[in-house]
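Enquirer: Okay, here's the structure, questions in a sec.
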Amino acid sequence: MTTTASGAPPRTRESGLPRTALLALATAVFITSLTETLPAGVLPGMAASLDVGAGAAGQSVTVYAAGTALTAIPLAAATASVPRKPLLLAAMAVFLVANTLTAVAPGYAVLLAARFLAGVAAGLAWAILAGYARRIAPAGSEGRAIAVAMTGIPVALSLGVPAGTLIGEQAGWRAAFGAVSLATLAVIGWIAVSVPAVGRPAAEGTGTEGSGTEGSGTEGSGTEGSGTEGSGTEGPAAEGPGADRPTLRRTLAVPGVAAVMVAVAVFVLGHTVLYAYIAPYLRHAGLGPVTDAVLLAFGVACLLSIWCVGRLVDRRPRALMVTAAALFTLATAALAVTGSHPVVWTAAVLWGLGWGGAPTLLQTAAGRAAARHGTAAADTAQAVLVTLWNAAMALGGVIGGALLAHSGAGAVAATAAALGGVALLVVAGGQRHAFPRT
């Protein structure tokens with residue numbers, strides 16, 4: 001049994017999850033996820049205060065996603081040799097400054113600039129967080145660790161946005177963003193105190209995942225790494241000069257990585273096409289007055305999903321991902337066929353069950369596939385995932401809006417179902433490398 005050179009806890013199968021540290025990472029995920037979508041809940045107040053239309057104010061979501069999508073990969077590559085803890089703290093500090101500037105923005109231009117900067121900082125943090133959770137987890141529990149860290153996503157959607165909206169209604173939209181800044185300041189302190197340091201991914205990405213600063217004989221051996229993920233037998237590209245800084249091309253060439261990224265793009269696109277316009281869909285179905293209740297049912301189902309995924313992701317990753325894609329496709333297809341109230345309520349729950357654990361499952365799949373090339377490649381894959389995720393969110397809003405305007409709410413749901421079907425086919429076909437059984 002060994003410890004990491006950077007002071008991280010021993011990575012033994014007998015050790016428990018470092019829950020305090022993982023909850024700190026989950027709170028960082030929650031804050032960055034909440035901030036991306038918070039303008040949707042306070043849009044009227046923002047528009048009136050800044051003297052712009054609702055459509056213009058809504059671009060504050062677009063520029064945030066653009067900041068993340070445009071910079072996640074280059075920043076991850078540029079910081080591959082930087083120790084993870086100082087880098088995560090720096091990213092959260094920049095996010096704090098940018099979000100505070102958003103709260104006090106004197107005009108529309110400053111608001112957009114602040115939102116773009118916040119998106120850049122969030123993108124860097126997102127590229128770090130899943131890999132960080134994976135590194136501090138005991139061997140064999142990496143998926144469970146990512147599940148805990150990714151709990152922040154469904155919590156932000158189901159509880160954070162409604163809470164921020166309530167603050168905005170009672171005290172103004174600036175107070176809502178100010179509350180996020182206070183929470184960010186608190187989580188920076190929490191990370192500084194409770195999250196262990198880990199080594200540089202560039203130093204860890206030469207040969208085996210379990211060597212170097214991560215500690216030998218642990219992750220790179222035993223059941224998870226033996227002969228596959230950590231042994232170097234499947235990753236000859238990890239040897240030799242330049243292996244410590246894997247290029248985007250080499251990372252995508254690792255078997256399974258490209259398939260995971262395709263699944264990410266179509267799954268997130270399908271979800272966003274419908275989620276961004278769920279309120280108009282529910283009005284079309286005659287459920288407009290209970291939109292908040294339907295979204296609450298969706299959010300509770302998301303939380304149940306991520307709990308189940310957290311318990312089983314390290315043992316049944318493929319079965320969980322197939323189930324998630326199938327549930328999403330079934331739910332959205334039902335919404336496309338009928339607006340019957342019982343069907344809509346049932347579909348909302350099935351949608352939540354399929355979507356809630358998807359971020360954990362997709363990030364776990366990306367990390368495991370890319371880790372055959374080394375830890376640095378796994379970080380590069382996470383940066384690609386973050387970029388595709390945000391690009392799909394931005395594109396989903398555009399496509400969903402166009403469909404709603406020209407073809408109606410049913411076409412929005414039908415498109416989401418078609419994209420879900422594509423994701424299901426990709427997952428089903430990736431049984432060897434992208435979404436293996438174990």
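Following the order of the structure tokens, first chain is A, next is B, and so on, with residues numbered from 1 inside each chain and ligands from 1 in the order they appear.
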DSSP on the backbone: what in stretch 13-179 of chain A comes out helix (DSSP H, G or I), as JSON, numbers by chain?

Expert: {"A": [19, 20, 21, 22, 23, 24, 25, 26, 27, 28, 29, 30, 31, 32, 33, 34, 35, 36, 37, 38, 39, 40, 41, 43, 44, 45, 46, 47, 48, 49, 50, 54, 55, 56, 57, 58, 59, 60, 61, 62, 63, 64, 65, 66, 67, 68, 69, 70, 71, 72, 73, 74, 75, 76, 77, 78, 84, 85, 86, 87, 88, 89, 90, 91, 92, 93, 94, 95, 96, 97, 98, 99, 100, 101, 102, 103, 108, 109, 110, 111, 112, 113, 114, 115, 116, 117, 118, 119, 120, 121, 122, 123, 124, 125, 126, 127, 128, 129, 130, 131, 132, 133, 134, 135, 136, 142, 143, 144, 145, 146, 147, 148, 149, 152, 153, 154, 155, 156, 157, 158, 159, 160, 161, 162, 163, 164, 165, 166, 167, 168, 169, 170, 171, 173, 174, 175, 176, 177, 178, 179]}

Enquirer: Enter the distance from atom CA of A:Gly354 to atom CA of A:Ala325, in Å, rounded to one decimal.

Expert: 6.3 Å

Enquirer: So that I can see what lies close to stretch 278-290 of chain A, please list as a CSV table (one decimal) with N, CA, C and O atoms, in the first residue's frame the residues with an atom at most 9 Å from it, counting only C-alpha atoms and leaving out residues fewer than 4 positions away in the same chain.

Expert:
chain,number,residue,atom,x,y,z
A,273,VAL,N,-32.8,20.2,-26.5
A,273,VAL,CA,-33.8,20.6,-27.4
A,273,VAL,C,-35.2,20.6,-26.8
A,273,VAL,O,-36.0,21.6,-27.0
A,274,LEU,N,-35.4,19.7,-25.9
A,274,LEU,CA,-36.8,19.6,-25.2
A,274,LEU,C,-36.8,20.4,-23.9
A,274,LEU,O,-37.7,21.1,-23.6
A,294,VAL,N,-44.3,19.7,-12.5
A,294,VAL,CA,-43.8,18.7,-13.4
A,294,VAL,C,-42.3,18.7,-13.4
A,294,VAL,O,-41.6,17.6,-13.3
A,295,LEU,N,-41.7,19.8,-13.3
A,295,LEU,CA,-40.2,19.9,-13.2
A,295,LEU,C,-39.7,19.4,-11.9
A,295,LEU,O,-38.6,18.8,-11.8
A,338,THR,N,-48.3,12.0,-27.8
A,338,THR,CA,-49.5,12.5,-27.1
A,338,THR,C,-49.2,13.5,-26.0
A,338,THR,O,-48.1,13.4,-25.4
A,339,GLY,N,-50.1,14.4,-25.8
A,339,GLY,CA,-50.0,15.3,-24.6
A,339,GLY,C,-50.9,15.0,-23.5
A,339,GLY,O,-51.2,15.8,-22.6
A,340,SER,N,-51.4,13.7,-23.5
A,340,SER,CA,-52.3,13.3,-22.4
A,340,SER,C,-51.6,13.5,-21.1
A,340,SER,O,-50.4,13.2,-20.9
A,341,HIS,N,-52.4,14.1,-20.1
A,341,HIS,CA,-51.7,14.5,-18.8
A,341,HIS,C,-51.1,13.3,-18.1
A,341,HIS,O,-50.0,13.4,-17.6
A,344,VAL,N,-47.8,12.6,-19.9
A,344,VAL,CA,-46.8,13.6,-19.6
A,344,VAL,C,-46.2,13.5,-18.3
A,344,VAL,O,-44.9,13.5,-18.1
A,404,LEU,N,-39.9,24.8,-32.5
A,404,LEU,CA,-41.1,25.3,-31.8
A,404,LEU,C,-41.8,26.4,-32.7
A,404,LEU,O,-43.0,26.4,-32.8
A,408,GLY,N,-44.0,23.4,-34.1
A,408,GLY,CA,-44.8,23.1,-32.9
A,408,GLY,C,-44.1,22.3,-31.9
A,408,GLY,O,-43.0,21.7,-32.1
A,409,ALA,N,-44.8,22.2,-30.7
A,409,ALA,CA,-44.2,21.5,-29.6
A,409,ALA,C,-43.9,20.0,-29.8
A,409,ALA,O,-43.0,19.4,-29.4
A,410,GLY,N,-44.8,19.4,-30.6
A,410,GLY,CA,-44.7,18.0,-30.9
A,410,GLY,C,-43.4,17.7,-31.6
A,410,GLY,O,-42.8,16.7,-31.4
A,412,VAL,N,-40.6,19.3,-31.4
A,412,VAL,CA,-39.5,19.4,-30.5
A,412,VAL,C,-39.3,18.1,-29.8
A,412,VAL,O,-38.2,17.6,-29.7
A,413,ALA,N,-40.4,17.5,-29.2
A,413,ALA,CA,-40.3,16.2,-28.6
A,413,ALA,C,-39.9,15.1,-29.5
A,413,ALA,O,-39.1,14.2,-29.2

Enquirer: Give me, as a list in words, all polymer residues having an atom no more than 12 Å from A:Ala114, counting only C-alpha atoms and skipping those fewer than 4 positions away in the same chain.

Expert: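 Surrounding residues, per the criterion: Thr35, Ser60, Val61, Val63, Tyr64, Gly67, Val94, Phe95, Leu96, Val97, Ala98, Asn99, Thr100, Leu101, Thr102, Ala103, Val104, Ala105, Pro106, Gly107, Tyr108, Ala109, Val110, Ala118, Gly119, Val120, Ala121 and Phe177 of chain A.
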